[in-house]
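**Q** What follows is run13.cif, made up of mmCIF, C-alpha atoms:
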```cif
data_work
loop_
_atom_site.label_atom_id
_atom_site.label_comp_id
_atom_site.auth_asym_id
_atom_site.auth_seq_id
_atom_site.Cartn_x
_atom_site.Cartn_y
_atom_site.Cartn_z
CA MET A 1 120.68 97.80 -15.59
CA LYS A 2 121.34 101.42 -16.56
CA ARG A 3 120.31 103.79 -13.77
CA ALA A 4 119.51 107.48 -14.26
CA PHE A 5 118.63 110.33 -11.95
CA VAL A 6 116.25 112.90 -13.47
CA LEU A 7 115.99 116.26 -11.69
CA SER A 8 113.25 118.77 -12.45
CA GLY A 9 113.29 122.55 -12.29
CA GLY A 10 111.76 124.47 -9.40
CA GLY A 11 113.75 127.57 -8.49
CA SER A 12 114.81 127.92 -4.87
CA LEU A 13 113.01 124.68 -4.01
CA GLY A 14 115.88 122.93 -5.77
CA ALA A 15 117.59 122.80 -2.38
CA MET A 16 115.22 119.94 -1.55
CA GLN A 17 116.80 117.85 -4.30
CA VAL A 18 120.18 118.13 -2.58
CA GLY A 19 118.68 116.59 0.55
CA ALA A 20 117.10 113.79 -1.47
CA LEU A 21 120.36 113.15 -3.32
CA ARG A 22 122.17 112.83 -0.01
CA LEU A 23 119.65 110.18 1.05
CA LEU A 24 120.02 108.21 -2.20
CA LEU A 25 123.81 108.21 -2.02
CA GLU A 26 123.70 107.14 1.62
CA HIS A 27 121.71 104.11 0.42
CA ASN A 28 124.43 103.47 -2.19
CA ILE A 29 122.03 104.28 -5.03
CA ILE A 30 124.50 105.52 -7.66
CA PRO A 31 123.47 106.65 -11.16
CA ASP A 32 125.13 105.79 -14.45
CA PHE A 33 124.02 109.18 -15.74
CA VAL A 34 122.03 112.20 -14.61
CA VAL A 35 119.58 114.45 -16.46
CA GLY A 36 118.81 117.93 -15.18
CA CYS A 37 116.48 120.75 -16.12
CA SER A 38 116.83 124.32 -14.89
CA VAL A 39 117.84 124.31 -11.21
CA GLY A 40 117.86 120.51 -11.41
CA ALA A 41 120.68 120.84 -13.93
CA LEU A 42 122.79 122.66 -11.34
CA ASN A 43 122.26 119.88 -8.81
CA ALA A 44 122.85 117.20 -11.45
CA SER A 45 126.22 118.75 -12.30
CA PHE A 46 127.47 118.02 -8.77
CA VAL A 47 126.47 114.36 -9.06
CA ALA A 48 128.16 114.10 -12.47
CA THR A 49 131.35 115.57 -11.00
CA ALA A 50 131.43 112.80 -8.39
CA PRO A 51 128.41 110.83 -7.11
CA THR A 52 129.68 110.93 -3.54
CA LEU A 53 128.55 112.34 -0.23
CA ASP A 54 131.57 114.66 -0.20
CA GLU A 55 130.42 116.23 -3.47
CA ILE A 56 126.87 116.59 -2.15
CA GLU A 57 128.29 118.47 0.82
CA LYS A 58 129.86 120.87 -1.68
CA ALA A 59 126.41 121.34 -3.20
CA VAL A 60 125.04 122.04 0.28
CA GLY A 61 127.68 124.73 0.69
CA VAL A 62 126.74 126.35 -2.61
CA TRP A 63 123.07 126.39 -1.68
CA ARG A 64 123.89 127.96 1.68
CA ARG A 65 125.89 130.72 -0.04
CA VAL A 66 123.48 131.61 -2.80
CA THR A 67 121.24 134.62 -2.26
CA THR A 68 118.30 136.07 -4.11
CA GLU A 69 120.43 139.09 -5.00
CA ARG A 70 122.99 136.89 -6.81
CA VAL A 71 120.29 135.25 -8.93
CA TYR A 72 117.88 138.18 -9.35
CA PRO A 73 119.87 141.39 -8.76
CA GLY A 74 118.49 144.89 -8.74
CA ALA A 75 115.89 146.93 -6.91
CA LYS A 76 112.27 147.17 -8.07
CA LEU A 77 112.90 150.47 -9.84
CA ARG A 78 115.66 148.89 -11.91
CA VAL A 79 113.38 145.98 -12.79
CA LEU A 80 110.72 148.47 -13.89
CA TRP A 81 113.30 150.34 -15.99
CA ARG A 82 114.34 147.12 -17.73
CA PHE A 83 110.70 146.37 -18.51
CA LEU A 84 109.88 149.86 -19.81
CA SER A 85 113.08 150.13 -21.84
CA GLY A 86 112.40 146.91 -23.71
CA GLN A 87 115.16 144.74 -22.25
CA ASP A 88 115.04 140.98 -22.88
CA SER A 89 114.41 140.19 -19.22
CA LEU A 90 113.53 141.67 -15.86
CA TYR A 91 116.93 140.75 -14.38
CA ASP A 92 120.50 140.61 -15.63
CA ASN A 93 122.10 137.16 -15.37
CA ARG A 94 125.76 138.26 -15.22
CA SER A 95 125.83 138.03 -11.42
CA PHE A 96 124.57 134.45 -11.55
CA PHE A 97 127.13 133.66 -14.27
CA GLU A 98 129.90 134.92 -11.96
CA PHE A 99 128.46 133.00 -8.99
CA LEU A 100 128.68 129.69 -10.87
CA GLN A 101 132.31 130.38 -11.76
CA GLU A 102 133.14 131.31 -8.16
CA ASN A 103 131.84 127.88 -7.16
CA GLY A 104 133.94 125.83 -9.54
CA CYS A 105 132.12 125.82 -12.89
CA THR A 106 134.77 127.40 -15.11
CA PRO A 107 134.15 128.42 -18.74
CA ALA A 108 136.65 125.78 -19.89
CA LEU A 109 134.86 122.84 -18.24
CA THR A 110 133.28 120.49 -20.79
CA PHE A 111 130.92 117.56 -20.39
CA GLY A 112 133.78 115.28 -21.38
CA ASP A 113 135.76 116.50 -18.36
CA LEU A 114 133.18 115.14 -15.91
CA THR A 115 134.36 111.80 -14.55
CA GLY A 116 131.70 110.89 -11.98
CA CYS A 117 129.01 109.93 -14.49
CA ARG A 118 127.47 111.23 -17.70
CA LEU A 119 125.54 114.50 -17.49
CA TYR A 120 122.74 115.71 -19.75
CA VAL A 121 121.27 119.20 -19.42
CA THR A 122 118.10 120.31 -21.18
CA ALA A 123 117.29 123.73 -22.58
CA THR A 124 114.81 125.11 -25.10
CA HIS A 125 116.08 126.32 -28.46
CA LEU A 126 114.35 129.71 -28.65
CA ARG A 127 114.02 129.99 -32.42
CA SER A 128 112.57 126.51 -33.04
CA GLY A 129 110.97 125.86 -29.64
CA GLN A 130 112.55 122.39 -29.61
CA LEU A 131 114.11 120.63 -26.65
CA HIS A 132 117.90 120.74 -26.84
CA VAL A 133 120.09 118.34 -24.87
CA PHE A 134 123.62 119.36 -23.92
CA GLY A 135 126.01 116.53 -23.13
CA ASP A 136 125.62 114.27 -26.13
CA ASN A 137 128.57 116.20 -27.49
CA PRO A 138 131.43 115.87 -24.96
CA HIS A 139 132.82 119.22 -26.15
CA ASP A 140 129.72 121.12 -24.96
CA ARG A 141 130.64 123.58 -22.22
CA VAL A 142 128.95 122.89 -18.87
CA LEU A 143 128.72 126.56 -17.87
CA ASP A 144 126.95 127.47 -21.11
CA ALA A 145 124.52 124.57 -20.65
CA LEU A 146 123.68 125.59 -17.08
CA MET A 147 123.14 129.21 -18.07
CA ALA A 148 120.88 128.15 -20.95
CA SER A 149 118.88 125.70 -18.86
CA THR A 150 118.21 128.28 -16.12
CA ALA A 151 117.35 131.20 -18.44
CA LEU A 152 113.78 131.42 -17.20
CA THR A 153 111.68 133.84 -19.25
CA PRO A 154 111.01 136.69 -18.39
CA MET A 155 113.29 136.65 -15.36
CA HIS A 156 116.59 136.04 -17.19
CA PRO A 157 117.48 136.77 -20.81
CA PRO A 158 118.07 133.97 -23.32
CA TRP A 159 121.60 132.57 -23.28
CA GLU A 160 123.47 132.65 -26.57
CA ILE A 161 125.75 129.82 -27.69
CA ASN A 162 127.39 129.81 -31.13
CA GLY A 163 124.87 132.34 -32.43
CA GLU A 164 121.82 130.42 -31.16
CA ARG A 165 119.69 131.49 -28.19
CA TYR A 166 118.33 129.19 -25.52
CA VAL A 167 115.90 129.52 -22.60
CA ASP A 168 114.88 127.41 -19.62
CA GLY A 169 114.52 123.69 -20.34
CA GLY A 170 111.27 123.59 -18.39
CA THR A 171 109.60 125.49 -21.21
CA VAL A 172 109.37 122.16 -23.07
CA THR A 173 109.28 119.76 -20.12
CA PRO A 174 110.04 120.43 -16.45
CA LEU A 175 110.76 116.74 -15.78
CA PRO A 176 112.77 115.45 -18.78
CA LEU A 177 112.16 111.74 -18.37
CA ARG A 178 112.13 111.34 -22.15
CA VAL A 179 115.83 112.25 -22.25
CA ALA A 180 116.70 109.41 -19.85
CA LEU A 181 114.47 107.00 -21.75
CA GLU A 182 116.03 107.88 -25.12
CA ARG A 183 119.51 107.30 -23.69
CA GLY A 184 118.77 103.79 -22.55
CA ALA A 185 117.83 104.11 -18.88
CA THR A 186 116.25 100.97 -17.43
CA GLU A 187 115.85 102.39 -13.90
CA ILE A 188 115.02 106.02 -13.21
CA TYR A 189 114.90 108.01 -9.99
CA ALA A 190 112.84 111.14 -10.71
CA LEU A 191 113.23 114.00 -8.20
CA HIS A 192 110.27 116.18 -9.08
CA LEU A 193 109.73 119.50 -7.29
CA HIS A 194 105.98 119.13 -7.31
CA HIS A 195 103.15 118.65 -4.83
CA PRO A 196 101.22 115.61 -6.17
CA GLY A 197 98.31 116.00 -3.77
CA LYS A 198 97.76 119.74 -4.17
CA ALA A 199 94.17 120.45 -5.18
CA PRO A 200 93.55 122.66 -8.23
CA ARG A 201 92.78 126.26 -7.45
CA THR A 202 89.07 126.91 -7.19
CA GLY A 203 87.09 130.08 -7.55
CA ARG A 204 87.42 132.96 -9.96
CA LEU A 205 90.91 134.27 -10.66
CA HIS A 206 91.60 137.98 -10.29
CA GLY A 207 94.47 139.96 -11.78
CA VAL A 208 96.96 139.44 -14.59
CA ALA A 209 99.55 137.74 -12.37
CA ALA A 210 97.03 135.18 -11.11
CA HIS A 211 95.97 134.27 -14.63
CA ILE A 212 99.57 133.98 -15.82
CA ASN A 213 100.50 131.77 -12.86
CA GLN A 214 97.50 129.52 -13.48
CA ALA A 215 98.28 129.18 -17.19
CA VAL A 216 101.95 128.41 -16.63
CA SER A 217 101.19 125.97 -13.82
CA THR A 218 98.74 124.09 -16.01
CA MET A 219 101.20 123.98 -18.92
CA LEU A 220 104.02 122.60 -16.78
CA ARG A 221 101.78 120.01 -15.14
CA LEU A 222 100.59 118.70 -18.50
CA GLN A 223 104.12 118.56 -19.88
CA ALA A 224 105.37 116.58 -16.89
CA ASP A 225 102.31 114.36 -17.21
CA HIS A 226 103.28 113.65 -20.83
CA ASP A 227 106.76 112.46 -19.87
CA LEU A 228 105.37 110.32 -17.06
CA HIS A 229 103.02 108.71 -19.58
CA LEU A 230 105.97 107.94 -21.86
CA ILE A 231 107.68 106.10 -19.03
CA GLU A 232 104.65 104.17 -17.87
CA THR A 233 104.03 102.82 -21.38
CA ALA A 234 107.68 101.86 -21.88
CA ARG A 235 108.93 98.34 -21.35
CA ARG A 236 111.81 97.23 -19.13
CA VAL A 237 111.91 100.55 -17.26
CA ARG A 238 111.60 100.88 -13.50
CA LEU A 239 110.62 104.34 -12.28
CA HIS A 240 111.01 105.57 -8.70
CA TYR A 241 109.04 108.79 -8.52
CA LEU A 242 110.03 111.08 -5.62
CA PRO A 243 107.86 114.21 -5.45
CA LEU A 244 109.42 116.87 -3.24
CA TRP A 245 107.47 119.80 -1.87
CA THR A 246 107.08 122.09 1.11
CA GLU A 247 103.91 123.22 2.81
CA ASP A 248 105.67 126.43 3.82
CA PRO A 249 105.00 129.48 1.60
CA VAL A 250 108.43 129.69 -0.07
CA GLU A 251 108.59 131.59 -3.34
CA PRO A 252 110.69 130.02 -6.13
CA ALA A 253 112.76 133.23 -6.25
CA ASP A 254 113.43 133.30 -2.49
CA PHE A 255 116.80 131.67 -1.75
CA GLY A 256 116.80 132.40 1.96
CA HIS A 257 115.49 129.01 3.15
CA SER A 258 118.00 126.58 1.65
CA ALA A 259 119.14 124.93 4.89
CA ALA A 260 115.59 124.06 5.96
CA LEU A 261 114.62 122.88 2.46
CA ILE A 262 117.62 120.56 2.25
CA GLU A 263 116.54 118.88 5.47
CA GLN A 264 112.93 118.62 4.27
CA GLY A 265 114.07 117.03 1.01
CA TYR A 266 116.11 114.46 2.89
CA ALA A 267 113.22 113.63 5.22
CA GLN A 268 110.68 113.30 2.41
CA ALA A 269 112.94 111.03 0.36
CA ALA A 270 113.60 108.88 3.43
CA ALA A 271 109.88 108.61 4.15
CA LEU A 272 109.02 107.64 0.57
CA ILE A 273 111.71 104.97 0.39
CA GLY A 274 110.93 103.76 3.89
CA ARG A 275 107.23 103.30 3.10
CA ASN A 276 108.09 101.87 -0.32
CA ASP A 277 105.58 104.30 -1.85
CA THR A 278 107.54 104.08 -5.09
CA GLY A 279 107.12 100.33 -5.31
CA ALA A 280 103.72 99.67 -6.91
CA LEU A 281 103.71 98.05 -10.34
CA ILE A 282 101.76 99.42 -13.26
CA ASP A 283 99.25 96.88 -14.50
CA ALA A 284 100.39 95.72 -17.96
CA GLU A 285 96.80 95.65 -19.23
CA THR A 286 95.73 99.02 -17.88
CA PRO A 287 98.69 101.43 -17.95
CA GLY A 288 98.11 104.57 -15.93
CA ARG A 289 95.86 102.84 -13.39
CA HIS A 290 98.08 103.82 -10.45
CA ARG A 291 99.30 107.16 -11.70
CA ARG A 292 96.38 109.19 -10.38
CA GLN A 293 97.01 107.80 -6.90
CA GLY A 294 99.79 110.26 -6.14
CA TRP A 295 102.00 109.28 -9.10
CA ARG A 296 104.07 106.96 -6.93
CA PHE A 297 104.72 103.99 -9.12
CA VAL A 298 107.18 101.76 -10.85
CA THR A 299 106.51 100.91 -14.46
CA ARG A 300 105.92 97.37 -15.54
CA HIS A 301 108.72 94.97 -16.37
CA ALA A 302 108.86 92.88 -19.54
#
```
Translate this structure into structure tokens?
**A**
Amino acid sequence: MKRAFVLSGGGSLGAMQVGALRLLLEHNIIPDFVVGCSVGALNASFVATAPTLDEIEKAVGVWRRVTTERVYPGAKLRVLWRFLSGQDSLYDNRSFFEFLQENGCTPALTFGDLTGCRLYVTATHLRSGQLHVFGDNPHDRVLDALMASTALTPMHPPWEINGERYVDGGTVTPLPLRVALERGATEIYALHLHHPGKAPRTGRLHGVAAHINQAVSTMLRLQADHDLHLIETARRVRLHYLPLWTEDPVEPADFGHSAALIEQGYAQAAALIGRNDTGALIDAETPGRHRRQGWRFVTRHA
């Protein structure tokens, strides 16, 4: 068996993944490798450093220290100036770059230096639009990979590495299950920051922001759906799908609720595992039959 954790993007809601990771490690569920996208890449890097409860507590500390100002610095007038002056993004990412270094991710750290387990981080190659995976090359720098994977357009500018520019990995897929599948995973724990039971928005949309949000939401849902379909049609792969969400109105750019979100993530993961909601088998003759029932499933075994 080759076990992988796959962590999606989701902004400030990524704190919920830390709670879920704590629950998994308490149950001695240890990965052979981890795959992370966007904020999920940050959380995955802690597991790859050491898949232990002590390391998760370090992640908890980082989430408690992070603030919206460190990730998205500048007053509204400065944001407006950046927009009107043709800057590449609404916010500068140098403060976030410094924050990661202050919390142990030095520029010299490579994927080959990580001894806990293998780490793979996804980003989108801006020029080609293709998914790029950092970590196959052990000489890739972890800090560069994290900055590339979290470069969410238009919030942060693209991150340049060796003359090439990269943006958020969620642009291609917010839940990169395909990366785990291609690297031989036979059991996958997917920590998806997504509300599986949330009804589609009804009624007429008003305003540019509402239309943009609806379009992006639809795109991300369909891309995650595609990767889930890849897994459910694969053989000899067991998938434990753990959707994590909050009913509270927390904006993805609001990092002031980390402590509460960590506890909610822990409780939701415990409830899912306790009820064995991730334990239904996909019917070999009718793949996808269970997926519309909340997406809590385990793929068929050969």
**Q** How close does each residue of segment 49-127 of chain A get to segment 150-171 of chain A, giving the shortest atom pair and distance in Å to one decimal for every residue with an atom at most 10 Å away, counting only C-alpha atoms, sorted by chain and residue number, as JSON lines?
**A**
```
{"residue": "A:Val71", "atom": "CA", "partner": "A:His156", "partner_atom": "CA", "distance": 9.1}
{"residue": "A:Tyr72", "atom": "CA", "partner": "A:Met155", "partner_atom": "CA", "distance": 7.7}
{"residue": "A:Val79", "atom": "CA", "partner": "A:Met155", "partner_atom": "CA", "distance": 9.7}
{"residue": "A:Phe83", "atom": "CA", "partner": "A:Pro154", "partner_atom": "CA", "distance": 9.7}
{"residue": "A:Gln87", "atom": "CA", "partner": "A:Pro157", "partner_atom": "CA", "distance": 8.4}
{"residue": "A:Asp88", "atom": "CA", "partner": "A:Pro157", "partner_atom": "CA", "distance": 5.3}
{"residue": "A:Ser89", "atom": "CA", "partner": "A:Pro157", "partner_atom": "CA", "distance": 4.9}
{"residue": "A:Leu90", "atom": "CA", "partner": "A:Met155", "partner_atom": "CA", "distance": 5.1}
{"residue": "A:Tyr91", "atom": "CA", "partner": "A:His156", "partner_atom": "CA", "distance": 5.5}
{"residue": "A:Asp92", "atom": "CA", "partner": "A:His156", "partner_atom": "CA", "distance": 6.2}
{"residue": "A:Asn93", "atom": "CA", "partner": "A:His156", "partner_atom": "CA", "distance": 5.9}
{"residue": "A:Arg94", "atom": "CA", "partner": "A:His156", "partner_atom": "CA", "distance": 9.6}
{"residue": "A:Phe96", "atom": "CA", "partner": "A:His156", "partner_atom": "CA", "distance": 9.9}
{"residue": "A:Val121", "atom": "CA", "partner": "A:Gly169", "partner_atom": "CA", "distance": 8.2}
{"residue": "A:Thr122", "atom": "CA", "partner": "A:Gly169", "partner_atom": "CA", "distance": 5.0}
{"residue": "A:Ala123", "atom": "CA", "partner": "A:Gly169", "partner_atom": "CA", "distance": 3.6}
{"residue": "A:Thr124", "atom": "CA", "partner": "A:Gly169", "partner_atom": "CA", "distance": 5.0}
{"residue": "A:His125", "atom": "CA", "partner": "A:Tyr166", "partner_atom": "CA", "distance": 4.7}
{"residue": "A:Leu126", "atom": "CA", "partner": "A:Tyr166", "partner_atom": "CA", "distance": 5.1}
{"residue": "A:Arg127", "atom": "CA", "partner": "A:Arg165", "partner_atom": "CA", "distance": 7.2}
```
**Q** Can you write out the residues you just picked, keeping C-alpha atoms, as an mmCIF file, in the coordinates of the input?
**A**
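Everything below was put into selection-v2.cif:
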```cif
data_model
loop_
_atom_site.group_PDB
_atom_site.id
_atom_site.type_symbol
_atom_site.label_atom_id
_atom_site.label_comp_id
_atom_site.auth_asym_id
_atom_site.auth_seq_id
_atom_site.Cartn_x
_atom_site.Cartn_y
_atom_site.Cartn_z
ATOM 1 C CA VAL A 71 120.290 135.250 -8.930
ATOM 2 C CA TYR A 72 117.880 138.180 -9.350
ATOM 3 C CA VAL A 79 113.380 145.980 -12.790
ATOM 4 C CA PHE A 83 110.700 146.370 -18.510
ATOM 5 C CA GLN A 87 115.160 144.740 -22.250
ATOM 6 C CA ASP A 88 115.040 140.980 -22.880
ATOM 7 C CA SER A 89 114.410 140.190 -19.220
ATOM 8 C CA LEU A 90 113.530 141.670 -15.860
ATOM 9 C CA TYR A 91 116.930 140.750 -14.380
ATOM 10 C CA ASP A 92 120.500 140.610 -15.630
ATOM 11 C CA ASN A 93 122.100 137.160 -15.370
ATOM 12 C CA ARG A 94 125.760 138.260 -15.220
ATOM 13 C CA PHE A 96 124.570 134.450 -11.550
ATOM 14 C CA VAL A 121 121.270 119.200 -19.420
ATOM 15 C CA THR A 122 118.100 120.310 -21.180
ATOM 16 C CA ALA A 123 117.290 123.730 -22.580
ATOM 17 C CA THR A 124 114.810 125.110 -25.100
ATOM 18 C CA HIS A 125 116.080 126.320 -28.460
ATOM 19 C CA LEU A 126 114.350 129.710 -28.650
ATOM 20 C CA ARG A 127 114.020 129.990 -32.420
#
```
**Q** Given the file shown, determine the residues that the PyMOL selection byres ((chain A and resi 63) around 12) selects; report them as a compact mmCIF listing (two decimals) with C-alpha atoms, in the frame of the given file.
**A**
```txt
# COMPACT_ATOMS: atom_id res chain seq x y z
CA GLY A 11 113.75 127.57 -8.49
CA SER A 12 114.81 127.92 -4.87
CA LEU A 13 113.01 124.68 -4.01
CA GLY A 14 115.88 122.93 -5.77
CA ALA A 15 117.59 122.80 -2.38
CA MET A 16 115.22 119.94 -1.55
CA GLN A 17 116.80 117.85 -4.30
CA VAL A 18 120.18 118.13 -2.58
CA GLY A 19 118.68 116.59 0.55
CA VAL A 39 117.84 124.31 -11.21
CA LEU A 42 122.79 122.66 -11.34
CA ASN A 43 122.26 119.88 -8.81
CA PHE A 46 127.47 118.02 -8.77
CA ILE A 56 126.87 116.59 -2.15
CA GLU A 57 128.29 118.47 0.82
CA LYS A 58 129.86 120.87 -1.68
CA ALA A 59 126.41 121.34 -3.20
CA VAL A 60 125.04 122.04 0.28
CA GLY A 61 127.68 124.73 0.69
CA VAL A 62 126.74 126.35 -2.61
CA ARG A 64 123.89 127.96 1.68
CA ARG A 65 125.89 130.72 -0.04
CA VAL A 66 123.48 131.61 -2.80
CA THR A 67 121.24 134.62 -2.26
CA THR A 68 118.30 136.07 -4.11
CA ARG A 70 122.99 136.89 -6.81
CA VAL A 71 120.29 135.25 -8.93
CA PHE A 99 128.46 133.00 -8.99
CA LEU A 100 128.68 129.69 -10.87
CA ASN A 103 131.84 127.88 -7.16
CA ASP A 254 113.43 133.30 -2.49
CA PHE A 255 116.80 131.67 -1.75
CA GLY A 256 116.80 132.40 1.96
CA HIS A 257 115.49 129.01 3.15
CA SER A 258 118.00 126.58 1.65
CA ALA A 259 119.14 124.93 4.89
CA ALA A 260 115.59 124.06 5.96
CA LEU A 261 114.62 122.88 2.46
CA ILE A 262 117.62 120.56 2.25
```
**Q** Name the residues that the PyMOL selection byres ((chain A and resi 8) around 9) picks from the file above, as a list in words, using the file's chain letters and numbers.
**A** Val6, Leu7, Gly9, Gly10, Gly14, Gln17, Val35, Gly36, Cys37, Ser38, Val39, Gly40, Ala41, Gly170, Thr173, Pro174, Leu175, Pro176, Ala190, Leu191, His192, Leu193 and His194 of chain A
**Q** Find the residue from A:Thr110, A:Ser128, A:Thr115, A:Thr52 that sits nearest to Asp140 of chain A; use only C-alpha atoms when measuring.
**A**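 Under the stated criterion, the closest residue is A:Thr110.
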**Q** Between atom CA of Met1 of chain A and atom CA of Gly184 of chain A, what is the spacing in Å?
**A**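 Value for the atom CA of Gly184 of chain A-atom CA of Met1 of chain A distance: 9.4 Å.
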**Q** Of the candidates A:Gly104, A:Gly86, A:Gly135, A:Gly265, which shows the shortest atom-to-atom distance to Thr246 of chain A, using all atoms listed in the file?
**A**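 Of A:Gly104, A:Gly86, A:Gly135, A:Gly265, the one nearest Thr246 of chain A is A:Gly265, counting all atoms listed in the file.
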**Q** With the file shown as input, list the residues that the PyMOL selection byres ((chain A and resi 134) around 10) selects, as JSON, numbers by chain.
**A** {"A": [35, 111, 119, 120, 121, 122, 123, 131, 132, 133, 135, 136, 137, 138, 139, 140, 141, 142, 144, 145, 146, 148, 149]}
**Q** Store the residues of this selection in a file with C-alpha atoms, as an mmCIF file, keeping the file's coordinate frame.
**A**
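Output file out39.cif is given in full below:
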```cif
data_model
loop_
_atom_site.group_PDB
_atom_site.id
_atom_site.type_symbol
_atom_site.label_atom_id
_atom_site.label_comp_id
_atom_site.auth_asym_id
_atom_site.auth_seq_id
_atom_site.Cartn_x
_atom_site.Cartn_y
_atom_site.Cartn_z
ATOM 1 C CA VAL A 35 119.580 114.450 -16.460
ATOM 2 C CA PHE A 111 130.920 117.560 -20.390
ATOM 3 C CA LEU A 119 125.540 114.500 -17.490
ATOM 4 C CA TYR A 120 122.740 115.710 -19.750
ATOM 5 C CA VAL A 121 121.270 119.200 -19.420
ATOM 6 C CA THR A 122 118.100 120.310 -21.180
ATOM 7 C CA ALA A 123 117.290 123.730 -22.580
ATOM 8 C CA LEU A 131 114.110 120.630 -26.650
ATOM 9 C CA HIS A 132 117.900 120.740 -26.840
ATOM 10 C CA VAL A 133 120.090 118.340 -24.870
ATOM 11 C CA GLY A 135 126.010 116.530 -23.130
ATOM 12 C CA ASP A 136 125.620 114.270 -26.130
ATOM 13 C CA ASN A 137 128.570 116.200 -27.490
ATOM 14 C CA PRO A 138 131.430 115.870 -24.960
ATOM 15 C CA HIS A 139 132.820 119.220 -26.150
ATOM 16 C CA ASP A 140 129.720 121.120 -24.960
ATOM 17 C CA ARG A 141 130.640 123.580 -22.220
ATOM 18 C CA VAL A 142 128.950 122.890 -18.870
ATOM 19 C CA ASP A 144 126.950 127.470 -21.110
ATOM 20 C CA ALA A 145 124.520 124.570 -20.650
ATOM 21 C CA LEU A 146 123.680 125.590 -17.080
ATOM 22 C CA ALA A 148 120.880 128.150 -20.950
ATOM 23 C CA SER A 149 118.880 125.700 -18.860
#
```
**Q** If I take atom CA of His27 of chain A and atom CA of Ala270 of chain A, how far is one from the other in Å, to one decimal?
**A**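 Here the two named atoms are 9.9 Å from each other.
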**Q** What separation in Å, quoted to one decimal, exists between atom CA of Ala180 of chain A and atom CA of Lys2 of chain A?
**A**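 These two atoms are separated by 9.8 Å.
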**Q** Between A:Leu21, A:Ala48, A:Met147, A:Cys105, single out the one closest to Ala269 of chain A, counting all atoms listed in the file.
**A**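 The closest residue to Ala269 of chain A is A:Leu21.
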**Q** From the set A:Val250, A:Gly116, A:Asp32, A:Thr186, which residue has the shortest atom-to-atom contact distance to Glu55 of chain A, counting only C-alpha atoms?
**A**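 Smallest separation from Glu55 of chain A among the options: A:Gly116.
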